$ cat coords26.csv   # CSV, C-alpha atoms and all ligand atoms
chain,number,residue,atom,x,y,z
A,1,MET,CA,6.7,26.9,-3.9
A,2,SER,CA,6.6,25.6,-7.4
A,3,ASN,CA,9.3,28.1,-8.4
A,4,THR,CA,11.6,27.3,-5.6
A,5,PHE,CA,12.3,23.7,-6.7
A,6,PRO,CA,14.7,23.5,-9.5
A,7,LYS,CA,13.2,22.2,-12.7
A,8,HIS,CA,14.4,18.8,-13.9
A,9,THR,CA,13.9,16.5,-16.8
A,10,PRO,CA,11.5,13.6,-16.6
A,11,ALA,CA,12.7,10.5,-14.9
A,12,GLU,CA,14.5,7.8,-16.9
A,13,PRO,CA,12.2,5.0,-18.0
A,14,GLU,CA,13.7,2.6,-15.5
A,15,ASN,CA,12.8,5.0,-12.7
A,16,LEU,CA,9.2,5.0,-13.9
A,17,SER,CA,8.8,1.3,-13.8
A,18,ASP,CA,6.5,0.9,-11.0
A,19,THR,CA,5.2,-2.4,-9.8
A,20,THR,CA,3.9,-1.0,-6.6
A,21,ASP,CA,0.4,0.0,-7.5
A,22,PHE,CA,-2.0,-2.7,-6.5
A,23,ASP,CA,-5.5,-3.3,-7.6
A,24,HIS,CA,-8.0,-1.7,-5.4
A,25,ALA,CA,-11.7,-2.3,-5.5
A,26,PRO,CA,-13.6,-2.2,-8.7
A,27,VAL,CA,-14.5,1.4,-8.1
A,28,VAL,CA,-14.3,3.6,-11.1
A,29,GLY,CA,-10.7,4.5,-11.6
A,30,ALA,CA,-9.5,3.5,-8.2
A,31,ARG,CA,-8.4,0.3,-9.8
A,32,SER,CA,-4.9,1.3,-10.6
A,33,ASP,CA,-4.2,1.6,-14.3
A,34,ALA,CA,-0.4,1.2,-14.2
A,35,PHE,CA,0.0,2.3,-17.7
A,36,LEU,CA,-2.2,5.4,-17.4
A,37,ASP,CA,-0.5,6.3,-14.0
A,38,GLN,CA,2.9,6.1,-15.6
A,39,THR,CA,2.0,8.1,-18.7
A,40,LEU,CA,0.4,10.9,-16.7
A,41,ARG,CA,2.6,10.9,-13.6
A,42,PRO,CA,3.9,14.4,-13.0
A,43,ALA,CA,7.7,14.4,-13.6
A,44,SER,CA,8.4,17.8,-11.9
A,45,TRP,CA,7.1,19.7,-8.9
A,46,ASP,CA,5.5,22.2,-11.2
A,47,GLU,CA,3.3,19.6,-12.6
A,48,TYR,CA,2.3,18.2,-9.3
A,49,ILE,CA,-0.8,20.2,-8.6
A,50,GLY,CA,-2.1,21.0,-5.1
A,51,GLN,CA,-1.0,19.4,-1.7
A,52,GLU,CA,0.7,22.7,-1.0
A,53,SER,CA,1.4,22.1,2.6
A,54,ILE,CA,3.1,18.8,1.9
A,55,LYS,CA,5.1,20.2,-0.9
A,56,ASN,CA,6.3,23.1,1.3
A,57,ASN,CA,7.3,20.8,4.1
A,58,LEU,CA,9.1,18.4,1.7
A,59,HIS,CA,10.9,21.4,0.2
A,60,ILE,CA,12.4,22.3,3.6
A,61,LEU,CA,13.2,18.8,4.5
A,62,ILE,CA,14.9,18.1,1.2
A,63,THR,CA,16.7,21.4,0.8
A,64,ALA,CA,18.1,21.2,4.3
A,65,ALA,CA,19.3,17.7,3.9
A,66,LYS,CA,20.9,18.5,0.6
A,67,GLU,CA,22.8,21.4,2.2
A,68,ARG,CA,24.1,19.0,4.9
A,69,GLN,CA,24.8,16.4,2.2
A,70,THR,CA,22.9,13.7,4.1
A,71,PRO,CA,19.9,11.8,2.9
A,72,PRO,CA,16.6,13.2,4.3
A,73,GLU,CA,15.0,11.4,7.2
A,74,HIS,CA,12.3,8.7,6.5
A,75,ILE,CA,8.9,9.9,5.2
A,76,LEU,CA,5.4,8.4,5.4
A,77,PHE,CA,2.5,9.3,3.1
A,78,TYR,CA,-1.0,8.1,3.8
A,79,GLY,CA,-4.4,8.6,2.4
A,80,PRO,CA,-6.9,7.0,0.0
A,81,PRO,CA,-5.7,5.5,-3.3
A,82,GLY,CA,-5.0,7.7,-6.3
A,83,LEU,CA,-4.2,11.0,-4.5
A,84,GLY,CA,-0.5,11.1,-5.4
A,85,LYS,CA,1.5,9.2,-2.8
A,86,THR,CA,3.6,7.1,-5.2
A,87,THR,CA,4.1,10.2,-7.4
A,88,LEU,CA,5.6,12.1,-4.5
A,89,ALA,CA,8.1,9.3,-3.8
A,90,HIS,CA,9.2,9.5,-7.5
A,91,LEU,CA,9.5,13.3,-7.3
A,92,ILE,CA,11.6,13.1,-4.1
A,93,ALA,CA,13.9,10.5,-5.6
A,94,HIS,CA,14.3,12.6,-8.7
A,95,GLU,CA,15.0,15.7,-6.7
A,96,LEU,CA,17.7,14.0,-4.7
A,97,GLY,CA,19.2,12.4,-7.8
A,98,GLY,CA,18.9,8.9,-6.3
A,99,SER,CA,17.3,5.8,-7.7
A,100,LEU,CA,13.9,4.8,-6.3
A,101,ARG,CA,13.9,1.2,-5.3
A,102,ALA,CA,10.3,0.3,-5.1
A,103,THR,CA,8.8,-2.6,-3.3
A,104,SER,CA,5.7,-3.2,-1.1
A,105,GLY,CA,4.6,-4.7,2.2
A,106,PRO,CA,3.1,-7.8,0.8
A,107,ALA,CA,6.2,-8.4,-1.5
A,108,ILE,CA,8.5,-8.6,1.5
A,109,GLU,CA,7.5,-12.0,2.8
A,110,ARG,CA,10.7,-13.0,4.7
A,111,VAL,CA,13.4,-11.3,6.6
A,112,GLY,CA,15.7,-12.5,3.9
A,113,ASP,CA,13.7,-10.5,1.3
A,114,LEU,CA,14.2,-7.3,3.3
A,115,ALA,CA,17.9,-8.1,3.9
A,116,ALA,CA,18.4,-8.5,0.2
A,117,ILE,CA,16.7,-5.2,-0.6
A,118,LEU,CA,18.6,-3.3,2.1
A,119,THR,CA,22.0,-4.7,1.4
A,120,ASN,CA,21.6,-3.9,-2.3
A,121,LEU,CA,20.9,-0.2,-1.7
A,122,GLN,CA,23.5,2.2,-3.1
A,123,PRO,CA,24.4,5.4,-1.2
A,124,GLY,CA,21.6,8.0,-1.7
A,125,ASP,CA,19.1,5.5,-2.9
A,126,ILE,CA,15.4,5.9,-1.9
A,127,LEU,CA,13.7,2.8,-0.7
A,128,PHE,CA,10.0,3.0,-1.4
A,129,ILE,CA,7.7,0.6,0.4
A,130,ASP,CA,4.1,0.8,-0.7
A,131,GLU,CA,1.3,-0.7,1.4
A,132,ILE,CA,3.6,-0.6,4.4
A,133,HIS,CA,0.7,-1.6,6.7
A,134,ARG,CA,1.0,-5.1,5.2
A,135,LEU,CA,4.5,-5.8,6.6
A,136,SER,CA,4.6,-8.6,9.1
A,137,ARG,CA,5.8,-7.8,12.6
A,138,ASN,CA,9.0,-9.9,12.4
A,139,ILE,CA,10.0,-7.9,9.4
A,140,GLU,CA,9.2,-4.6,11.1
A,141,GLU,CA,11.6,-5.6,13.8
A,142,VAL,CA,14.4,-5.9,11.4
A,143,LEU,CA,13.4,-2.6,9.8
A,144,TYR,CA,13.6,-0.6,13.0
A,145,PRO,CA,17.4,-0.6,13.5
A,146,ALA,CA,17.9,-0.3,9.7
A,147,MET,CA,15.8,2.9,9.7
A,148,GLU,CA,17.1,4.3,13.0
A,149,SER,CA,20.8,3.5,13.0
A,150,GLY,CA,21.5,2.2,9.5
A,151,VAL,CA,22.4,-1.3,10.5
A,152,LEU,CA,20.9,-4.6,9.6
A,153,ASN,CA,20.8,-7.1,12.5
A,154,ILE,CA,20.7,-10.6,11.2
A,155,ILE,CA,20.7,-13.8,13.3
A,156,ILE,CA,22.8,-16.6,12.0
A,157,GLY,CA,22.3,-20.1,13.2
A,158,LYS,CA,19.9,-21.5,15.7
A,159,GLY,CA,19.9,-22.3,19.4
A,160,PRO,CA,23.0,-21.7,21.6
A,161,SER,CA,25.3,-21.2,18.7
A,162,ALA,CA,23.1,-18.5,17.1
A,163,ARG,CA,24.8,-15.1,16.9
A,164,THR,CA,23.8,-11.7,15.5
A,165,LEU,CA,25.6,-10.0,12.8
A,166,ASP,CA,25.4,-6.2,12.4
A,167,LEU,CA,25.8,-5.2,8.8
A,168,PRO,CA,26.2,-1.4,8.3
A,169,LEU,CA,24.0,-0.1,5.5
A,170,PRO,CA,24.7,2.7,3.1
A,171,PRO,CA,22.9,5.9,4.1
A,172,PHE,CA,19.4,5.8,2.6
A,173,THR,CA,16.0,7.4,2.8
A,174,MET,CA,12.9,5.3,3.2
A,175,ILE,CA,9.6,6.5,1.8
A,176,ALA,CA,6.5,4.5,2.7
A,177,ALA,CA,2.9,4.8,1.6
A,178,THR,CA,-0.3,3.4,3.1
A,179,THR,CA,-4.0,3.7,2.7
A,180,ARG,CA,-4.4,2.4,6.3
A,181,VAL,CA,-2.3,4.5,8.7
A,182,ALA,CA,-4.2,3.3,11.7
A,183,ASP,CA,-2.9,-0.3,11.1
A,184,LEU,CA,0.7,0.8,11.5
A,185,SER,CA,2.2,0.0,14.9
A,186,ALA,CA,3.2,3.1,17.0
A,187,PRO,CA,6.9,2.1,17.0
A,188,LEU,CA,6.9,1.9,13.2
A,189,ARG,CA,5.1,5.2,12.8
A,190,SER,CA,7.6,6.9,15.1
A,191,ARG,CA,10.5,5.9,12.9
A,192,PHE,CA,9.3,8.3,10.1
A,193,SER,CA,11.2,11.2,11.6
A,194,GLY,CA,11.2,13.2,8.4
A,195,GLY,CA,7.4,13.5,8.5
A,196,VAL,CA,4.1,11.7,8.4
A,197,PHE,CA,1.9,13.4,5.8
A,198,ARG,CA,-1.7,12.9,5.0
A,199,LEU,CA,-2.7,13.5,1.4
A,200,GLU,CA,-5.9,15.6,1.0
A,201,PHE,CA,-8.6,15.3,-1.5
A,202,TYR,CA,-8.3,17.9,-4.3
A,203,SER,CA,-10.4,20.9,-5.0
A,204,GLU,CA,-12.4,21.0,-8.2
A,205,ASP,CA,-10.1,23.7,-9.6
A,206,GLU,CA,-7.0,21.6,-8.9
A,207,ILE,CA,-8.6,18.5,-10.6
A,208,ALA,CA,-9.6,20.7,-13.6
A,209,LYS,CA,-5.9,21.7,-14.0
A,210,ILE,CA,-4.9,18.0,-13.8
A,211,VAL,CA,-7.4,17.0,-16.4
A,212,GLU,CA,-6.3,19.8,-18.7
A,213,ARG,CA,-2.7,18.6,-18.4
A,214,SER,CA,-3.7,15.0,-19.0
A,215,ALA,CA,-5.7,15.9,-22.0
A,216,ARG,CA,-2.7,17.8,-23.5
A,217,ILE,CA,-0.5,14.8,-22.9
A,218,LEU,CA,-3.0,12.3,-24.3
A,219,GLY,CA,-3.8,14.6,-27.3
A,220,ILE,CA,-7.5,14.9,-26.3
A,221,GLU,CA,-9.3,18.0,-27.3
A,222,THR,CA,-11.6,19.2,-24.5
A,223,ALA,CA,-14.2,22.0,-24.0
A,224,ALA,CA,-13.9,23.9,-20.8
A,225,ASP,CA,-17.3,22.8,-19.5
A,226,GLY,CA,-16.4,19.2,-20.3
A,227,VAL,CA,-13.2,19.5,-18.1
A,228,ARG,CA,-15.3,21.0,-15.3
A,229,GLU,CA,-17.8,18.2,-15.4
A,230,ILE,CA,-15.1,15.6,-15.2
A,231,ALA,CA,-13.5,17.4,-12.3
A,232,ARG,CA,-16.9,17.6,-10.6
A,233,ARG,CA,-17.4,13.9,-10.8
A,234,SER,CA,-13.9,12.7,-10.1
A,235,ARG,CA,-14.2,11.9,-6.4
A,236,SER,CA,-11.7,14.7,-5.9
A,237,THR,CA,-9.1,12.2,-6.9
A,238,PRO,CA,-6.5,12.7,-9.7
A,239,ARG,CA,-6.4,9.0,-10.8
A,240,THR,CA,-10.2,8.9,-11.1
A,241,ALA,CA,-10.2,12.1,-13.1
A,242,ASN,CA,-7.7,10.7,-15.5
A,243,TYR,CA,-9.7,7.5,-15.9
A,244,LEU,CA,-12.9,9.4,-16.5
A,245,LEU,CA,-11.2,11.6,-19.0
A,246,LYS,CA,-10.3,8.6,-21.0
A,247,ARG,CA,-13.7,7.0,-20.8
A,248,ALA,CA,-15.4,10.3,-21.8
A,249,ARG,CA,-13.0,10.6,-24.7
A,250,ASP,CA,-13.9,7.2,-26.0
A,251,TRP,CA,-17.6,8.0,-26.0
A,252,ALA,CA,-17.1,11.4,-27.6
A,253,GLN,CA,-14.9,9.8,-30.3
A,254,LEU,CA,-17.5,7.2,-31.2
A,255,LYS,CA,-20.3,9.8,-31.3
A,256,ARG,CA,-18.1,12.1,-33.4
A,257,THR,CA,-18.7,14.9,-30.9
A,258,ALA,CA,-16.5,17.3,-28.9
A,259,LEU,CA,-15.8,16.6,-25.3
A,260,THR,CA,-18.3,19.0,-23.8
A,261,LYS,CA,-20.3,18.8,-20.6
A,262,ASP,CA,-23.1,17.0,-22.5
A,263,ALA,CA,-20.7,14.4,-23.7
A,264,VAL,CA,-19.3,13.9,-20.2
A,265,ASP,CA,-22.8,13.7,-18.7
A,266,ALA,CA,-23.8,11.1,-21.3
A,267,SER,CA,-20.6,9.0,-21.0
A,268,LEU,CA,-20.4,9.0,-17.3
A,269,GLY,CA,-24.1,8.3,-17.1
A,270,LEU,CA,-23.3,5.1,-18.9
A,271,LEU,CA,-20.6,4.3,-16.3
A,272,GLU,CA,-23.2,5.0,-13.6
A,273,VAL,CA,-21.0,7.7,-12.1
A,274,ASP,CA,-23.6,10.2,-10.7
A,275,GLN,CA,-23.5,14.0,-10.3
A,276,LEU,CA,-21.5,13.7,-7.1
A,277,GLY,CA,-19.1,11.2,-8.6
A,278,LEU,CA,-20.6,8.3,-6.7
A,279,THR,CA,-20.3,4.9,-8.2
A,280,PRO,CA,-22.8,2.1,-7.9
A,281,VAL,CA,-20.9,0.7,-5.0
A,282,ASP,CA,-20.9,4.0,-3.2
A,283,ARG,CA,-24.7,4.3,-3.7
A,284,ALA,CA,-25.2,0.6,-2.6
A,285,ILE,CA,-23.3,1.4,0.6
A,286,LEU,CA,-25.6,4.3,1.4
A,287,LEU,CA,-28.7,2.4,0.4
A,288,THR,CA,-27.7,-0.5,2.6
A,289,ILE,CA,-27.1,1.7,5.6
A,290,ILE,CA,-30.4,3.4,5.0
A,291,GLU,CA,-32.6,0.3,4.2
A,292,ARG,CA,-30.9,-2.7,5.8
A,293,PHE,CA,-29.6,-0.9,8.9
A,294,HIS,CA,-32.5,1.7,9.1
A,295,GLY,CA,-30.0,4.6,8.7
A,296,GLY,CA,-27.3,3.1,10.9
A,297,PRO,CA,-25.2,2.8,12.8
A,298,ALA,CA,-23.7,0.0,10.8
A,299,GLY,CA,-20.3,-1.6,11.3
A,300,VAL,CA,-18.0,-2.0,8.4
A,301,SER,CA,-17.9,-5.7,8.5
A,302,ALA,CA,-21.7,-6.0,8.7
A,303,LEU,CA,-21.8,-3.6,5.6
A,304,GLY,CA,-19.2,-5.8,3.8
A,305,ALA,CA,-21.2,-8.9,4.5
A,306,ALA,CA,-24.5,-7.3,3.3
A,307,LEU,CA,-22.9,-6.0,0.1
A,308,SER,CA,-20.5,-8.9,-0.6
A,309,GLU,CA,-17.6,-6.4,-0.6
A,310,GLU,CA,-14.3,-6.6,1.3
A,311,PRO,CA,-14.6,-4.5,4.5
A,312,ASN,CA,-11.1,-3.1,3.7
A,313,THR,CA,-12.3,-1.9,0.4
A,314,ILE,CA,-15.2,-0.2,2.0
A,315,SER,CA,-13.1,1.5,4.6
A,316,GLU,CA,-10.1,2.4,2.4
A,317,VAL,CA,-11.7,3.3,-0.9
A,318,HIS,CA,-15.4,4.2,-0.4
A,319,GLU,CA,-15.7,5.5,3.1
A,320,PRO,CA,-13.1,8.3,2.9
A,321,PHE,CA,-15.0,9.9,0.0
A,322,LEU,CA,-18.4,9.4,1.5
A,323,LEU,CA,-17.2,11.1,4.7
A,324,GLN,CA,-15.6,13.9,2.7
A,325,LEU,CA,-18.9,14.6,1.0
A,326,GLY,CA,-20.7,14.5,4.4
A,327,LEU,CA,-22.9,11.6,3.2
A,328,ILE,CA,-22.0,9.4,6.2
A,329,GLU,CA,-20.7,10.0,9.6
A,330,ARG,CA,-18.6,7.8,11.8
A,331,THR,CA,-19.9,7.2,15.3
A,332,PRO,CA,-18.4,4.9,17.9
A,333,ARG,CA,-21.0,2.3,17.0
A,334,GLY,CA,-20.6,2.4,13.2
A,335,ARG,CA,-21.5,4.4,10.1
A,336,VAL,CA,-24.6,6.5,10.0
A,337,ALA,CA,-26.2,8.0,6.8
A,338,THR,CA,-26.6,11.7,7.0
A,339,ARG,CA,-29.5,13.9,5.9
A,340,ALA,CA,-27.5,14.7,2.7
A,341,ALA,CA,-27.4,10.9,1.9
A,342,TYR,CA,-31.2,10.6,2.2
A,343,LYS,CA,-31.6,13.7,0.0
A,344,HIS,CA,-29.1,12.4,-2.6
A,345,LEU,CA,-31.0,9.1,-2.9
A,346,GLY,CA,-34.4,10.7,-2.8
A,347,LYS,CA,-35.3,9.0,0.5
A,348,LYS,CA,-37.1,10.4,3.6
A,349,PRO,CA,-34.9,10.6,6.7
A,350,PRO,CA,-36.2,8.9,9.9
A,351,GLU,CA,-37.5,11.1,12.7
A,352,ASP,CA,-34.7,10.2,15.1
A,353,LEU,CA,-31.8,10.8,12.6
A,354,ASN,CA,-30.1,13.4,14.9
A,355,GLU,CA,-30.0,10.9,17.8
A,356,ARG,CA,-28.4,8.3,15.5
A,357,LEU,CA,-25.7,10.7,14.6
A,358,LEU,CA,-24.6,11.1,18.2
B,1,LIG,N1,-0.9,16.2,-7.5
B,1,LIG,C1,-1.0,15.7,-8.7
B,1,LIG,N2,-1.0,16.4,-9.8
B,1,LIG,C2,-1.2,15.8,-11.0
B,1,LIG,N3,-1.4,14.5,-11.2
B,1,LIG,C3,-1.5,13.8,-10.1
B,1,LIG,C4,-1.3,14.3,-8.8
B,1,LIG,N4,-1.5,13.3,-7.9
B,1,LIG,C5,-1.7,12.2,-8.6
B,1,LIG,N5,-1.8,12.4,-9.9
B,1,LIG,C6,-2.1,11.5,-11.0
B,1,LIG,O1,-2.8,10.4,-10.5
B,1,LIG,C7,-2.1,9.2,-10.7
B,1,LIG,C8,-2.1,8.4,-9.5
B,1,LIG,O2,-1.3,8.9,-8.5
B,1,LIG,P1,-0.4,8.0,-7.5
B,1,LIG,O3,0.8,8.8,-7.1
B,1,LIG,O4,-0.1,6.7,-8.2
B,1,LIG,O5,-1.5,7.8,-6.3
B,1,LIG,P2,-1.4,6.9,-5.0
B,1,LIG,O6,0.0,6.3,-5.0
B,1,LIG,O7,-1.7,7.8,-3.9
B,1,LIG,O8,-2.4,5.8,-5.2
B,1,LIG,C9,-0.7,9.6,-11.1
B,1,LIG,O9,-0.1,8.8,-12.1
B,1,LIG,C10,-0.9,11.0,-11.7
B,1,LIG,O10,-1.2,10.9,-13.1
B,2,MG,MG,0.5,4.3,-5.1
$ encode --input "coords26.csv" --output "structure tokens" --more "lines below"
Ligand SMILES: Nc1ncnc2c1ncn2[C@@H]1O[C@H](COP(=O)(O)OP(=O)(O)O)[C@@H](O)[C@H]1O
Ligand SMILES: [Mg+2]
Amino acid sequence: MSNTFPKHTPAEPENLSDTTDFDHAPVVGARSDAFLDQTLRPASWDEYIGQESIKNNLHILITAAKERQTPPEHILFYGPPGLGKTTLAHLIAHELGGSLRATSGPAIERVGDLAAILTNLQPGDILFIDEIHRLSRNIEEVLYPAMESGVLNIIIGKGPSARTLDLPLPPFTMIAATTRVADLSAPLRSRFSGGVFRLEFYSEDEIAKIVERSARILGIETAADGVREIARRSRSTPRTANYLLKRARDWAQLKRTALTKDAVDASLGLLEVDQLGLTPVDRAILLTIIERFHGGPAGVSALGAALSEEPNTISEVHEPFLLQLGLIERTPRGRVATRAAYKHLGKKPPEDLNERLL
């Protein structure tokens, strides 16, 4: 697929200005480092590693729309932070030759904010709304007709003299991203007729490629086994991998040593990122389920309270990765620690573990 997309030059600086990455939990590297994200953000499809199925589908959507000389239909990306949602929005805008107008759910407080954004769009612009799950319902209702039929309905005046005004909008594509797709209302989700795409965690090989590219861009010399070790501990997440690369580089520089596996082991050990890539918070979640909740099931809000963490942070940032590793399972009554979690923490599983997992 990478060969079928025409090559293009990196985005203009103004297209890269990105105020839409929000701070996530203090989990290693999930906290968005806006500068690092921008420096390392792939500027062409060739550089965007992995997510092959999404790239193939986008290629068809975009190529067909280009042939018809219409903007592609609206697109939604969802998945944990740092997997490349914002990057895809930039790549699509670039591919279409339009500008990316970036905003976010929490930034659109009033209907007037949305009206201002929509009426300022130029033909062919891409509207990117990050954290779309945080849009309020009354704003969603103004968004529906704008997405569906390209009109902005605004109500002028109050009471009996109120009237609606239908403003036609220039043709545009909306791209939205969210870490919480379940929070989107069904009507909103159904408006993304171009596609709703879930980003997948990356394989170790894919992350290794990303780390190698980042090292080249940042001018960091790496040993192959050092790259491997970073990839192994990266939570299968490009943003985390880039963050760990920088931290390991700092350590190796101060120790006057090469960025080998030993250097990565030592530096990530200091960050308390373990062999599986778990952070202290990940381990605390497992330990709390195992000790406080006797293995579970434990609800997310109960876990949040026990750990003094935001329940949203647990479910958006930590839980997807723990599920991916098979360290926890979701049951209708809450989260249960699996045998692998006991093993990882060196604990003895309870006799009735299998029943808890039902
Ligand atoms: N597929 C990918 N290939 C290479 N680098 C990637 C990829 N996806 C993400 N990245 C890197 O991770 C950073 C974070 O990605 P981003 O698109 O901001 O994630 P999200 O919006 O899902 O939180 C990017 O700046 C980029 O450096
Ligand atoms: Mg993002």
$ atom_distance --input "coords26.csv" --atom1 "atom CA of A:Arg232" --atom2 "atom CA of A:Ala208"
8.5 Å
$ closest_atom_pairs --input "coords26.csv" --of "stretch 169-253 of chain A" --to "stretch 133-136 of chain A" --cutoff "10 Å" --atoms "all atoms listed in the file" --output "tab-separated table"
residue	atom	partner	partner_atom	distance
A:Ala176	CA	A:His133	CA	9.3
A:Ala177	CA	A:His133	CA	8.5
A:Thr178	CA	A:His133	CA	6.2
A:Thr179	CA	A:His133	CA	8.1
A:Arg180	CA	A:His133	CA	6.5
A:Val181	CA	A:His133	CA	7.1
A:Ala182	CA	A:His133	CA	8.5
A:Asp183	CA	A:His133	CA	5.8
A:Leu184	CA	A:His133	CA	5.4
A:Ser185	CA	A:His133	CA	8.5
A:Leu188	CA	A:His133	CA	9.6
$ atom_distance --input "coords26.csv" --atom1 "atom C4 of ligand LIG 1 (chain B)" --atom2 "atom CA of A:Ile129"
18.8 Å
$ closest_residue --input "coords26.csv" --among "A:Pro311, A:Pro171, A:Pro81, A:Gly150" --to "A:Gly98" --atoms "only C-alpha atoms"
A:Pro171
$ residues_around --input "coords26.csv" --residues "A:Leu152" --least-positions-apart "6" --cutoff "10 Å" --atoms "only C-alpha atoms" --output "mmCIF file with C-alpha atoms, in the frame of the given file"
data_model
loop_
_atom_site.group_PDB
_atom_site.id
_atom_site.type_symbol
_atom_site.label_atom_id
_atom_site.label_comp_id
_atom_site.auth_asym_id
_atom_site.auth_seq_id
_atom_site.Cartn_x
_atom_site.Cartn_y
_atom_site.Cartn_z
ATOM 1 C CA LEU A 114 14.200 -7.300 3.300
ATOM 2 C CA ALA A 115 17.900 -8.100 3.900
ATOM 3 C CA LEU A 118 18.600 -3.300 2.100
ATOM 4 C CA THR A 119 22.000 -4.700 1.400
ATOM 5 C CA VAL A 142 14.400 -5.900 11.400
ATOM 6 C CA LEU A 143 13.400 -2.600 9.800
ATOM 7 C CA TYR A 144 13.600 -0.600 13.000
ATOM 8 C CA PRO A 145 17.400 -0.600 13.500
ATOM 9 C CA ALA A 146 17.900 -0.300 9.700
ATOM 10 C CA THR A 164 23.800 -11.700 15.500
ATOM 11 C CA LEU A 165 25.600 -10.000 12.800
ATOM 12 C CA ASP A 166 25.400 -6.200 12.400
ATOM 13 C CA LEU A 167 25.800 -5.200 8.800
ATOM 14 C CA PRO A 168 26.200 -1.400 8.300
ATOM 15 C CA LEU A 169 24.000 -0.100 5.500
#
$ atom_distance --input "coords26.csv" --atom1 "atom CA of A:Ser161" --atom2 "atom CA of A:Val111"
19.6 Å
$ closest_residue --input "coords26.csv" --among "A:Leu40, A:Phe172, A:Asp33, A:Ala298" --to "A:Gln69" --atoms "all atoms listed in the file"
A:Phe172
$ closest_residue --input "coords26.csv" --among "A:Ala43, A:Phe197, A:Arg335, A:Leu353" --to "A:Asn56" --atoms "all atoms listed in the file"
A:Phe197
$ closest_residue --input "coords26.csv" --among "A:Ala284, A:Ile155, A:Leu270, A:Leu61" --to "A:Ser193" --atoms "only C-alpha atoms"
A:Leu61
$ residues_around --input "coords26.csv" --residues "A:Asn242" --least-positions-apart "3" --cutoff "9 Å" --atoms "only C-alpha atoms" --output "PyMOL selection string"
chain A and resi 29+36-37+40+210-211+214-215+230+234+237-239+245-247
